[in-house]
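Q: This one is data.cif, mmCIF, C-alpha atoms.
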data_structure
#
loop_
_atom_site.group_PDB
_atom_site.id
_atom_site.type_symbol
_atom_site.label_atom_id
_atom_site.label_comp_id
_atom_site.auth_asym_id
_atom_site.auth_seq_id
_atom_site.Cartn_x
_atom_site.Cartn_y
_atom_site.Cartn_z
ATOM 1 C CA MET A 1 0.000 0.000 0.000
ATOM 2 C CA ASN A 2 1.193 3.486 -0.825
ATOM 3 C CA THR A 3 1.769 5.324 2.449
ATOM 4 C CA THR A 4 3.695 8.295 1.184
ATOM 5 C CA ASP A 5 0.909 10.854 1.368
ATOM 6 C CA PRO A 6 1.705 13.713 3.751
ATOM 7 C CA PHE A 7 -1.272 13.175 6.034
ATOM 8 C CA THR A 8 -0.357 9.540 6.682
ATOM 9 C CA ASP A 9 3.196 10.649 7.403
ATOM 10 C CA GLN A 10 1.919 13.227 9.885
ATOM 11 C CA VAL A 11 -0.242 10.617 11.622
ATOM 12 C CA ARG A 12 2.707 8.225 11.733
ATOM 13 C CA SER A 13 5.065 10.803 13.229
ATOM 14 C CA ILE A 14 2.547 11.727 15.946
ATOM 15 C CA ILE A 15 1.945 8.082 16.791
ATOM 16 C CA GLU A 16 5.681 7.485 17.015
ATOM 17 C CA SER A 17 5.986 10.464 19.355
ATOM 18 C CA ILE A 18 3.628 8.813 21.835
ATOM 19 C CA GLU A 19 6.413 7.018 23.697
ATOM 20 C CA CYS A 20 4.746 5.401 26.627
ATOM 21 C CA ILE A 21 1.226 5.400 27.985
ATOM 22 C CA ALA A 22 2.510 5.764 31.542
ATOM 23 C CA GLU A 23 4.505 8.866 30.681
ATOM 24 C CA ASN A 24 2.763 10.931 28.035
ATOM 25 C CA GLY A 25 0.021 8.860 26.430
ATOM 26 C CA ALA A 26 -2.747 11.407 27.048
ATOM 27 C CA ALA A 27 -0.508 14.317 26.058
ATOM 28 C CA GLY A 28 0.443 12.564 22.828
ATOM 29 C CA LEU A 29 -3.216 11.902 22.160
ATOM 30 C CA SER A 30 -4.002 15.619 22.066
ATOM 31 C CA GLY A 31 -1.759 15.997 19.007
ATOM 32 C CA LEU A 32 -3.360 13.026 17.309
ATOM 33 C CA PHE A 33 -6.820 14.363 18.161
ATOM 34 C CA ASP A 34 -6.098 17.791 16.704
ATOM 35 C CA LEU A 35 -4.833 16.230 13.506
ATOM 36 C CA THR A 36 -7.497 13.605 12.927
ATOM 37 C CA ALA A 37 -10.684 14.243 14.947
ATOM 38 C CA THR A 38 -12.560 16.299 12.368
ATOM 39 C CA ARG A 39 -11.910 13.753 9.635
ATOM 40 C CA LEU A 40 -12.674 10.788 11.885
ATOM 41 C CA VAL A 41 -15.967 12.297 13.067
ATOM 42 C CA ARG A 42 -16.889 13.088 9.467
ATOM 43 C CA PHE A 43 -16.226 9.469 8.491
ATOM 44 C CA SER A 44 -18.034 8.040 11.496
ATOM 45 C CA VAL A 45 -21.101 10.223 10.930
ATOM 46 C CA THR A 46 -21.589 8.553 7.560
ATOM 47 C CA ILE A 47 -21.832 5.191 9.358
ATOM 48 C CA THR A 48 -23.715 6.082 12.548
ATOM 49 C CA ARG A 49 -25.761 8.822 10.857
ATOM 50 C CA ASN A 50 -25.711 10.630 14.158
ATOM 51 C CA GLN A 51 -23.069 13.081 15.335
ATOM 52 C CA HIS A 52 -23.287 12.122 19.012
ATOM 53 C CA ASP A 53 -22.723 8.432 18.251
ATOM 54 C CA ALA A 54 -19.951 9.333 15.815
ATOM 55 C CA GLU A 55 -18.129 11.316 18.494
ATOM 56 C CA ASP A 56 -18.499 8.418 20.933
ATOM 57 C CA ALA A 57 -16.988 6.101 18.330
ATOM 58 C CA VAL A 58 -14.071 8.446 17.682
ATOM 59 C CA GLN A 59 -13.445 8.861 21.398
ATOM 60 C CA ALA A 60 -13.479 5.094 21.976
ATOM 61 C CA ALA A 61 -11.130 4.503 19.054
ATOM 62 C CA LEU A 62 -8.627 7.151 20.158
ATOM 63 C CA VAL A 63 -8.604 5.860 23.728
ATOM 64 C CA ARG A 64 -7.926 2.392 22.337
ATOM 65 C CA VAL A 65 -5.102 3.766 20.230
ATOM 66 C CA VAL A 66 -3.338 5.126 23.297
ATOM 67 C CA ALA A 67 -3.995 1.964 25.293
ATOM 68 C CA ASN A 68 -2.471 -0.226 22.558
ATOM 69 C CA ILE A 69 -0.083 2.152 20.868
ATOM 70 C CA ARG A 70 2.159 -0.698 19.728
ATOM 71 C CA LEU A 71 -0.581 -2.103 17.478
ATOM 72 C CA ILE A 72 -1.076 1.067 15.471
ATOM 73 C CA ARG A 73 2.658 1.784 15.435
ATOM 74 C CA ALA A 74 3.240 -1.616 13.888
ATOM 75 C CA ALA A 75 0.580 -0.957 11.244
ATOM 76 C CA GLU A 76 1.903 -0.370 7.747
ATOM 77 C CA ALA A 77 -0.635 2.403 7.145
ATOM 78 C CA PRO A 78 -1.583 3.999 10.479
ATOM 79 C CA TRP A 79 -4.191 6.343 9.002
ATOM 80 C CA SER A 80 -6.058 3.471 7.344
ATOM 81 C CA TYR A 81 -5.728 1.495 10.567
ATOM 82 C CA LEU A 82 -7.228 4.392 12.529
ATOM 83 C CA LEU A 83 -10.103 4.723 10.063
ATOM 84 C CA ARG A 84 -10.773 0.997 10.412
ATOM 85 C CA MET A 85 -10.770 1.306 14.197
ATOM 86 C CA VAL A 86 -13.295 4.146 14.026
ATOM 87 C CA ARG A 87 -15.423 2.151 11.616
ATOM 88 C CA ASN A 88 -15.412 -0.844 13.953
ATOM 89 C CA GLU A 89 -16.336 1.322 16.938
ATOM 90 C CA SER A 90 -19.124 2.944 14.903
ATOM 91 C CA LEU A 91 -20.493 -0.473 13.980
ATOM 92 C CA VAL A 92 -20.329 -1.564 17.637
ATOM 93 C CA ILE A 93 -22.365 1.497 18.633
ATOM 94 C CA LEU A 94 -24.883 0.807 15.885
ATOM 95 C CA ARG A 95 -25.157 -2.804 17.002
ATOM 96 C CA LYS A 96 -25.836 -1.664 20.574
ATOM 97 C CA LYS A 97 -28.617 0.583 19.335
ATOM 98 C CA LYS A 98 -30.073 -2.488 17.589
ATOM 99 C CA ARG A 99 -31.438 -0.427 14.735
ATOM 100 C CA TRP A 100 -29.911 1.228 11.744
ATOM 101 C CA PRO A 101 -31.028 4.826 11.598
ATOM 102 C CA LEU A 102 -32.575 5.671 8.283
ATOM 103 C CA VAL A 103 -33.297 9.338 8.896
ATOM 104 C CA SER A 104 -31.932 11.746 6.356
ATOM 105 C CA SER A 105 -32.441 14.781 8.575
ATOM 106 C CA LEU A 106 -29.287 16.745 9.392
ATOM 107 C CA THR A 107 -30.488 18.199 12.702
ATOM 108 C CA ASP A 108 -27.962 16.151 14.699
ATOM 109 C CA LEU A 109 -24.972 17.603 12.838
ATOM 110 C CA LEU A 110 -22.788 20.313 14.267
ATOM 111 C CA THR A 111 -21.846 22.366 11.240
ATOM 112 C CA ARG A 112 -19.238 24.972 10.521
ATOM 113 C CA ARG A 113 -20.772 28.379 9.801
ATOM 114 C CA THR A 114 -18.809 31.355 8.664
ATOM 115 C CA VAL A 115 -20.002 34.517 6.956
ATOM 116 C CA ASP A 116 -17.967 33.728 3.833
ATOM 117 C CA THR A 117 -19.455 30.288 3.350
ATOM 118 C CA LEU A 118 -22.970 31.020 4.519
ATOM 119 C CA GLU A 119 -24.203 31.081 0.955
ATOM 120 C CA GLN A 120 -22.721 27.633 0.353
ATOM 121 C CA GLU A 121 -24.514 26.144 3.310
ATOM 122 C CA GLU A 122 -27.484 25.092 1.235
ATOM 123 C CA THR A 123 -25.221 23.224 -1.170
ATOM 124 C CA HIS A 124 -23.383 21.518 1.678
ATOM 125 C CA ARG A 125 -26.635 20.502 3.321
ATOM 126 C CA ALA A 126 -27.831 19.047 0.030
ATOM 127 C CA VAL A 127 -24.600 17.052 -0.306
ATOM 128 C CA TRP A 128 -24.885 15.654 3.205
ATOM 129 C CA SER A 129 -28.576 14.854 2.714
ATOM 130 C CA ALA A 130 -27.749 13.096 -0.523
ATOM 131 C CA LEU A 131 -24.984 11.121 1.221
ATOM 132 C CA ARG A 132 -27.399 10.075 3.943
ATOM 133 C CA SER A 133 -29.844 8.847 1.349
ATOM 134 C CA LEU A 134 -27.254 6.259 0.255
ATOM 135 C CA PRO A 135 -26.769 2.886 1.934
ATOM 136 C CA THR A 136 -23.882 3.035 4.427
ATOM 137 C CA GLU A 137 -21.660 0.683 2.404
ATOM 138 C CA GLN A 138 -21.815 3.148 -0.496
ATOM 139 C CA SER A 139 -21.574 6.409 1.433
ATOM 140 C CA GLU A 140 -18.481 5.266 3.347
ATOM 141 C CA VAL A 141 -16.708 4.485 0.068
ATOM 142 C CA VAL A 142 -17.557 7.973 -1.220
ATOM 143 C CA VAL A 143 -16.274 9.598 1.969
ATOM 144 C CA LEU A 144 -13.027 7.647 1.919
ATOM 145 C CA LYS A 145 -12.471 8.299 -1.786
ATOM 146 C CA ILE A 146 -13.346 11.980 -1.993
ATOM 147 C CA TRP A 147 -12.683 13.416 1.461
ATOM 148 C CA GLU A 148 -9.907 11.106 2.612
ATOM 149 C CA GLU A 149 -8.440 10.815 -0.888
ATOM 150 C CA LEU A 150 -7.659 7.136 -0.452
ATOM 151 C CA THR A 151 -7.035 4.824 -3.376
ATOM 152 C CA PHE A 152 -9.424 1.945 -3.970
ATOM 153 C CA ALA A 153 -6.759 -0.413 -2.611
ATOM 154 C CA GLN A 154 -6.583 1.614 0.607
ATOM 155 C CA ILE A 155 -10.386 1.825 0.816
ATOM 156 C CA ALA A 156 -10.535 -1.930 0.346
ATOM 157 C CA GLU A 157 -8.166 -2.373 3.284
ATOM 158 C CA VAL A 158 -10.186 -0.088 5.550
ATOM 159 C CA LEU A 159 -13.516 -1.680 4.655
ATOM 160 C CA GLU A 160 -12.126 -5.209 4.344
ATOM 161 C CA LEU A 161 -13.477 -5.884 0.867
ATOM 162 C CA PRO A 162 -11.942 -6.414 -2.604
ATOM 163 C CA PRO A 163 -10.737 -3.231 -4.381
ATOM 164 C CA ALA A 164 -12.993 -3.973 -7.359
ATOM 165 C CA THR A 165 -16.018 -4.011 -5.060
ATOM 166 C CA ALA A 166 -14.969 -0.682 -3.566
ATOM 167 C CA ALA A 167 -14.602 0.798 -7.047
ATOM 168 C CA SER A 168 -17.974 -0.452 -8.242
ATOM 169 C CA ARG A 169 -19.681 0.776 -5.066
ATOM 170 C CA TYR A 170 -18.075 4.160 -5.612
ATOM 171 C CA ARG A 171 -19.281 4.498 -9.172
ATOM 172 C CA TYR A 172 -22.752 3.265 -8.263
ATOM 173 C CA ALA A 173 -22.930 5.694 -5.338
ATOM 174 C CA LEU A 174 -21.685 8.588 -7.407
ATOM 175 C CA SER A 175 -24.246 8.015 -10.129
ATOM 176 C CA LYS A 176 -26.963 7.981 -7.443
ATOM 177 C CA LEU A 177 -25.566 11.156 -5.913
ATOM 178 C CA ALA A 178 -25.455 12.742 -9.352
ATOM 179 C CA GLY A 179 -29.177 12.154 -9.647
ATOM 180 C CA HIS A 180 -29.766 13.730 -6.236
ATOM 181 C CA LEU A 181 -27.503 16.685 -6.767
ATOM 182 C CA ARG A 182 -28.093 17.448 -10.452
ATOM 183 C CA SER A 183 -31.178 19.515 -9.729
ATOM 184 C CA LEU A 184 -29.244 21.559 -7.179
ATOM 185 C CA LYS A 185 -26.366 22.076 -9.599
ATOM 186 C CA ASN A 186 -28.691 23.100 -12.418
ATOM 187 C CA GLY A 187 -30.425 25.533 -10.089
ATOM 188 C CA ALA A 188 -27.099 27.110 -9.175
ATOM 189 C CA ARG A 189 -26.143 27.388 -12.859
ATOM 190 C CA HIS A 190 -29.380 29.233 -13.672
ATOM 191 C CA GLU A 191 -28.663 31.719 -10.898
ATOM 192 C CA MET B 192 -17.500 1.946 -24.449
ATOM 193 C CA ASN B 193 -14.721 4.485 -23.981
ATOM 194 C CA LYS B 194 -16.987 7.266 -25.143
ATOM 195 C CA HIS B 195 -19.606 6.089 -22.665
ATOM 196 C CA SER B 196 -16.984 6.071 -19.899
ATOM 197 C CA ARG B 197 -15.812 9.579 -20.816
ATOM 198 C CA ASP B 198 -19.433 10.765 -20.701
ATOM 199 C CA ASP B 199 -19.792 9.230 -17.256
ATOM 200 C CA ASP B 200 -16.646 10.952 -16.064
ATOM 201 C CA SER B 201 -17.771 14.297 -17.417
ATOM 202 C CA VAL B 202 -20.934 13.961 -15.307
ATOM 203 C CA LEU B 203 -19.210 12.577 -12.209
ATOM 204 C CA VAL B 204 -16.245 14.957 -11.946
ATOM 205 C CA PRO B 205 -18.390 18.022 -11.105
ATOM 206 C CA ILE B 206 -20.324 15.898 -8.597
ATOM 207 C CA GLU B 207 -17.038 14.867 -6.988
ATOM 208 C CA SER B 208 -15.965 18.495 -6.645
ATOM 209 C CA LEU B 209 -19.378 19.405 -5.224
ATOM 210 C CA ILE B 210 -19.041 16.667 -2.601
ATOM 211 C CA ARG B 211 -15.432 17.647 -1.927
ATOM 212 C CA SER B 212 -16.491 21.215 -1.162
ATOM 213 C CA ALA B 213 -18.836 19.974 1.594
ATOM 214 C CA GLY B 214 -16.063 18.049 3.342
ATOM 215 C CA ASN B 215 -15.485 20.533 6.121
ATOM 216 C CA PHE B 216 -19.144 21.226 6.737
ATOM 217 C CA VAL B 217 -19.399 18.961 9.788
ATOM 218 C CA VAL B 218 -17.179 19.664 12.782
ATOM 219 C CA PRO B 219 -16.722 17.867 16.109
ATOM 220 C CA SER B 220 -18.358 19.407 19.170
ATOM 221 C CA GLU B 221 -16.176 21.542 21.438
ATOM 222 C CA ASN B 222 -16.355 19.142 24.364
ATOM 223 C CA LEU B 223 -15.128 16.128 22.380
ATOM 224 C CA ARG B 224 -11.454 17.019 22.848
ATOM 225 C CA PRO B 225 -11.496 17.362 26.662
ATOM 226 C CA ARG B 226 -13.830 14.367 26.908
ATOM 227 C CA THR B 227 -11.480 12.182 24.877
ATOM 228 C CA LEU B 228 -8.346 13.307 26.718
ATOM 229 C CA GLU B 229 -10.027 12.714 30.076
ATOM 230 C CA ALA B 230 -11.154 9.239 29.008
ATOM 231 C CA ALA B 231 -7.617 8.456 27.832
ATOM 232 C CA ARG B 232 -6.175 9.691 31.124
ATOM 233 C CA GLU B 233 -8.631 7.545 33.101
ATOM 234 C CA ALA B 234 -7.873 4.509 30.953
ATOM 235 C CA ALA B 235 -4.144 5.114 31.472
ATOM 236 C CA ALA B 236 -4.629 5.396 35.246
ATOM 237 C CA ASP B 237 -6.627 2.154 35.244
ATOM 238 C CA ARG B 238 -3.899 0.401 33.266
ATOM 239 C CA ILE B 239 -1.173 1.712 35.572
ATOM 240 C CA GLY B 240 -3.204 0.526 38.587
ATOM 241 C CA PHE B 241 -3.638 -2.871 36.996
ATOM 242 C CA PHE B 242 0.091 -3.167 36.254
ATOM 243 C CA LYS B 243 0.956 -2.159 39.840
ATOM 244 C CA LEU B 244 -1.440 -4.774 41.198
ATOM 245 C CA ALA B 245 -0.013 -7.413 38.863
ATOM 246 C CA ARG B 246 3.539 -6.500 39.947
ATOM 247 C CA LEU B 247 2.533 -6.731 43.618
ATOM 248 C CA PHE B 248 0.969 -10.132 42.974
ATOM 249 C CA LEU B 249 4.145 -11.377 41.278
ATOM 250 C CA VAL B 250 6.306 -10.126 44.167
ATOM 251 C CA LEU B 251 4.021 -11.874 46.669
ATOM 252 C CA LEU B 252 4.149 -15.059 44.594
ATOM 253 C CA PHE B 253 7.956 -14.903 44.487
ATOM 254 C CA CYS B 254 8.176 -14.277 48.237
ATOM 255 C CA SER B 255 5.843 -17.157 49.026
ATOM 256 C CA ALA B 256 7.805 -19.453 46.691
ATOM 257 C CA LEU B 257 10.958 -18.538 48.599
ATOM 258 C CA SER B 258 9.379 -18.792 52.044
ATOM 259 C CA VAL B 259 7.807 -22.270 51.700
ATOM 260 C CA PRO B 260 11.128 -24.226 51.942
ATOM 261 C CA ALA B 261 12.329 -21.900 54.691
ATOM 262 C CA LEU B 262 9.108 -22.466 56.635
ATOM 263 C CA ASP B 263 9.552 -26.238 56.189
ATOM 264 C CA ARG B 264 13.028 -26.012 57.723
ATOM 265 C CA VAL B 265 11.771 -23.887 60.626
ATOM 266 C CA THR B 266 8.914 -26.300 61.277
ATOM 267 C CA ALA B 267 11.241 -29.295 61.197
ATOM 268 C CA TRP B 268 13.674 -27.568 63.570
ATOM 269 C CA HIS B 269 10.794 -26.629 65.851
ATOM 270 C CA GLU B 270 9.474 -30.185 65.936
ATOM 271 C CA ARG B 271 12.963 -31.516 66.589
ATOM 272 C CA SER B 272 13.592 -29.076 69.406
ATOM 273 C CA LEU B 273 10.323 -29.893 71.129
ATOM 274 C CA SER B 274 10.928 -31.691 74.437
ATOM 275 C CA PRO B 275 8.326 -33.506 76.448
ATOM 276 C CA SER B 276 6.933 -31.756 79.491
ATOM 277 C CA ALA B 277 7.755 -32.821 83.078
ATOM 278 C CA ALA B 278 4.335 -34.477 83.447
ATOM 279 C CA GLU B 279 4.942 -36.558 80.293
ATOM 280 C CA ILE B 280 8.341 -37.666 81.597
ATOM 281 C CA GLN B 281 6.759 -38.570 84.933
ATOM 282 C CA ASN B 282 4.051 -40.628 83.174
ATOM 283 C CA GLN B 283 6.632 -42.392 81.046
ATOM 284 C CA ALA B 284 8.749 -43.118 84.168
ATOM 285 C CA ALA B 285 5.704 -44.594 85.957
ATOM 286 C CA GLN B 286 4.893 -46.783 82.943
ATOM 287 C CA LEU B 287 8.497 -48.012 82.679
ATOM 288 C CA SER B 288 8.724 -48.819 86.369
ATOM 289 C CA THR B 289 5.469 -50.794 86.149
ATOM 290 C CA GLN B 290 6.462 -52.621 82.963
ATOM 291 C CA LYS B 291 10.002 -53.503 84.034
ATOM 292 C CA GLY B 292 9.299 -53.957 87.738
ATOM 293 C CA ILE B 293 11.856 -51.350 88.796
ATOM 294 C CA GLY B 294 11.656 -48.491 91.290
ATOM 295 C CA PRO B 295 10.302 -45.058 90.302
ATOM 296 C CA ASN B 296 13.811 -43.493 90.389
ATOM 297 C CA TRP B 297 15.130 -46.055 87.915
ATOM 298 C CA GLY B 298 11.984 -45.569 85.850
ATOM 299 C CA LEU B 299 12.760 -41.861 85.685
ATOM 300 C CA PHE B 300 16.344 -42.667 84.792
ATOM 301 C CA GLU B 301 15.185 -44.967 81.954
ATOM 302 C CA ALA B 302 12.739 -42.342 80.675
ATOM 303 C CA PHE B 303 15.483 -39.678 80.504
ATOM 304 C CA LYS B 304 17.858 -42.126 78.873
ATOM 305 C CA ARG B 305 15.341 -42.866 76.124
ATOM 306 C CA LEU B 306 14.653 -39.137 75.652
ATOM 307 C CA ARG B 307 18.364 -38.336 75.300
ATOM 308 C CA SER B 308 18.948 -41.141 72.799
ATOM 309 C CA HIS B 309 15.903 -39.979 70.785
ATOM 310 C CA GLN B 310 17.199 -36.387 70.749
ATOM 311 C CA ALA B 311 20.692 -37.563 69.739
ATOM 312 C CA ALA B 312 19.211 -39.609 66.882
ATOM 313 C CA SER B 313 17.176 -36.673 65.516
ATOM 314 C CA LEU B 314 20.180 -34.327 65.731
ATOM 315 C CA SER B 315 22.401 -36.757 63.846
ATOM 316 C CA HIS B 316 19.769 -37.017 60.985
ATOM 317 C CA PRO B 317 18.764 -33.421 60.183
ATOM 318 C CA THR B 318 15.636 -32.950 58.097
ATOM 319 C CA PRO B 319 16.466 -31.979 54.497
#
Please express the file's structure as structure tokens.
A:
Amino acid sequence: MNTTDPFTDQVRSIIESIECIAENGAAGLSGLFDLTATRLVRFSVTITRNQHDAEDAVQAALVRVVANIRLIRAAEAPWSYLLRMVRNESLVILRKKKRWPLVSSLTDLLTRRTVDTLEQEETHRAVWSALRSLPTEQSEVVVLKIWEELTFAQIAEVLELPPATAASRYRYALSKLAGHLRSLKNGARHE
Amino acid sequence: MNKHSRDDDSVLVPIESLIRSAGNFVVPSENLRPRTLEAAREAAADRIGFFKLARLFLVLLFCSALSVPALDRVTAWHERSLSPSAAEIQNQAAQLSTQKGIGPNWGLFEAFKRLRSHQAASLSHPTP
């Protein structure tokens, strides 16, 4: 697997800086949190479809990372390993809830609002709504491909499926999303 | 086929950029960071406590492994050093004098003689 992207290198260097849980495990975690939390929550939300559950999953995964730092340090691709951990924790939380949420409402999400991007908020909401309308196995591929910029081989490793399956899910999901978002895009073009 | 694929790409690329632009829309809540660090600290404290307890258990196990043979030796020495009480000697002397038909003084003499030979035998064969 190609692990030369800068973000993976950053994650690796932070993980290697966490020397020993007894000495500075929690302190080392703060660096890892600052680097990865936003992206991990974003990924987990696509699985749990609820921000609160997603944050619980991210918290559980990061605490596990510090408790077993040797495991992630030994991983060939620590960022993919971390994403897989968050995915597993998200699935555990979903299993505990005993129901897969099917709501496409975005009321649970804590969103970034700035004056400059206020006008784009509608577009962003439409994208997130469209993502939530997809089955989880498709939306997580889209998130990993577009937002995490992983290759299909890396996505396959995170999701534990063949790369060809990841690629086909991606194309299928994107064509569905295109249907959802085309109207929005056309509307923006007319304006 | 290729033309079809190119058409697909021309539709999908703008969709990809639209999705990409919404990537930073969702942010973690402000309390997630302190919550996570606190949980990590608690987990670390629990692990340290567990390791301390495990270390204490190992030390106790090692000490008990060392002390068992020493206790055996002490017990053996204690048993060997035990002497009968005066009443026991008197009883033994009375029994001997009755059995052998000798006077009580000689009975007492015989009882002490047996005791001394028993003590000498146990001293010459120390318990391993």
Q: Write down, as a PyMOL selection string, each residue of chain B that has any atom within 7 Å of an atom of chain A, counting all atoms listed in the file.
A: chain B and resi 203+206-207+210-211+213-214+216-220+223+227-228+230-232+235+239
Q: Which is closest to Ser276 in chain B among B:Leu314, B:Ile293, B:Phe303, B:Glu221, if we use all atoms listed in the file?
A: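 Among B:Leu314, B:Ile293, B:Phe303, B:Glu221, it is B:Phe303 that comes nearest to Ser276 in chain B.
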Q: Please evaluate the PyMOL selection byres ((chain A and resi 87) around 10) against the displayed coordinates and give the resulting residues as number ranges by chain.
A: A: 40, 43-48, 54, 57-58, 61, 81-86, 88-93, 140, 158-159
Q: Rounded to one decimal place, report the CA of Ser168 in chain A-CA of Glu137 in chain A distance in Å.
A: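 Going from CA of Ser168 in chain A over to CA of Glu137 in chain A, I get 11.3 Å.
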Q: Take CA of Pro275 in chain B and CA of Asn296 in chain B and report the distance between them in Å, one decimal.
A: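 Separation of CA of Pro275 in chain B and CA of Asn296 in chain B: 18.0 Å.
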Q: CA of Ala156 in chain A to CA of Ser17 in chain A: how many Å, to one decimal?
A: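 Separation between CA of Ala156 in chain A and CA of Ser17 in chain A: 28.1 Å.
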Q: So what does the PyMOL selection byres ((chain A and resi 8) around 12) actually pick up in this one, as an NGL selection string?
A: :A and (1-7 or 9-15 or 32 or 35-36 or 75-83 or 148-150 or 154)
Q: Report as a PyMOL selection string all protein, DNA and RNA residues lying within 9 Å of Trp297 in chain B, evaluated on only C-alpha atoms, omitting residues in the same chain fewer than 6 positions from it.
A: chain B and resi 284+287-288
Q: Around range 276-292 of chain B, with edges along x, y and z and 3 Å added on all six sides, what centre and edge lengths do you get, in Å to one decimal, as JSON?
A:
{"center_x": 7.0, "center_y": -42.9, "center_z": 83.6, "size_x": 12.0, "size_y": 28.2, "size_z": 14.2}
Q: Got a minute to add all heavy atoms to range 220-226 of chain B and dump it as a short mmCIF file (atom, residue, chain, number, x, y, z; two decimals), in the frame of the given file?
A:
data_model
loop_
_atom_site.label_atom_id
_atom_site.label_comp_id
_atom_site.auth_asym_id
_atom_site.auth_seq_id
_atom_site.Cartn_x
_atom_site.Cartn_y
_atom_site.Cartn_z
N SER B 220 -17.92 18.47 18.13
CA SER B 220 -18.36 19.41 19.17
C SER B 220 -17.16 19.84 20.02
O SER B 220 -16.14 19.15 20.07
CB SER B 220 -19.42 18.76 20.04
OG SER B 220 -18.89 17.63 20.66
N GLU B 221 -17.31 20.98 20.69
CA GLU B 221 -16.18 21.54 21.44
C GLU B 221 -15.75 20.67 22.62
O GLU B 221 -14.61 20.71 23.04
CB GLU B 221 -16.54 22.94 21.94
CG GLU B 221 -16.41 24.00 20.87
CD GLU B 221 -16.77 25.38 21.38
OE1 GLU B 221 -16.92 25.54 22.60
OE2 GLU B 221 -16.91 26.28 20.54
N ASN B 222 -16.71 19.92 23.16
CA ASN B 222 -16.36 19.14 24.36
C ASN B 222 -15.75 17.78 24.03
O ASN B 222 -15.38 17.04 24.93
CB ASN B 222 -17.57 18.98 25.29
CG ASN B 222 -18.59 18.04 24.71
OD1 ASN B 222 -18.60 17.80 23.50
ND2 ASN B 222 -19.46 17.52 25.54
N LEU B 223 -15.67 17.45 22.73
CA LEU B 223 -15.13 16.13 22.38
C LEU B 223 -13.65 16.00 22.76
O LEU B 223 -13.22 14.97 23.27
CB LEU B 223 -15.31 15.86 20.88
CG LEU B 223 -14.77 14.51 20.40
CD1 LEU B 223 -15.48 13.35 21.10
CD2 LEU B 223 -14.92 14.35 18.89
N ARG B 224 -12.90 17.07 22.55
CA ARG B 224 -11.45 17.02 22.85
C ARG B 224 -11.19 16.77 24.34
O ARG B 224 -10.52 15.79 24.69
CB ARG B 224 -10.78 18.30 22.38
CG ARG B 224 -9.27 18.25 22.40
CD ARG B 224 -8.72 19.57 21.85
NE ARG B 224 -7.31 19.46 21.54
CZ ARG B 224 -6.35 19.64 22.42
NH1 ARG B 224 -6.64 19.91 23.68
NH2 ARG B 224 -5.09 19.53 22.06
N PRO B 225 -11.74 17.64 25.24
CA PRO B 225 -11.50 17.36 26.66
C PRO B 225 -12.06 16.02 27.12
O PRO B 225 -11.46 15.33 27.93
CB PRO B 225 -12.19 18.52 27.38
CG PRO B 225 -13.07 19.18 26.39
CD PRO B 225 -12.50 18.90 25.05
N ARG B 226 -13.20 15.65 26.53
CA ARG B 226 -13.83 14.37 26.91
C ARG B 226 -12.91 13.21 26.54
O ARG B 226 -12.70 12.28 27.33
CB ARG B 226 -15.16 14.26 26.15
CG ARG B 226 -16.12 13.23 26.65
CD ARG B 226 -17.55 13.63 26.33
NE ARG B 226 -17.79 14.01 24.95
CZ ARG B 226 -18.33 13.20 24.02
NH1 ARG B 226 -18.62 11.96 24.31
NH2 ARG B 226 -18.55 13.63 22.80
#
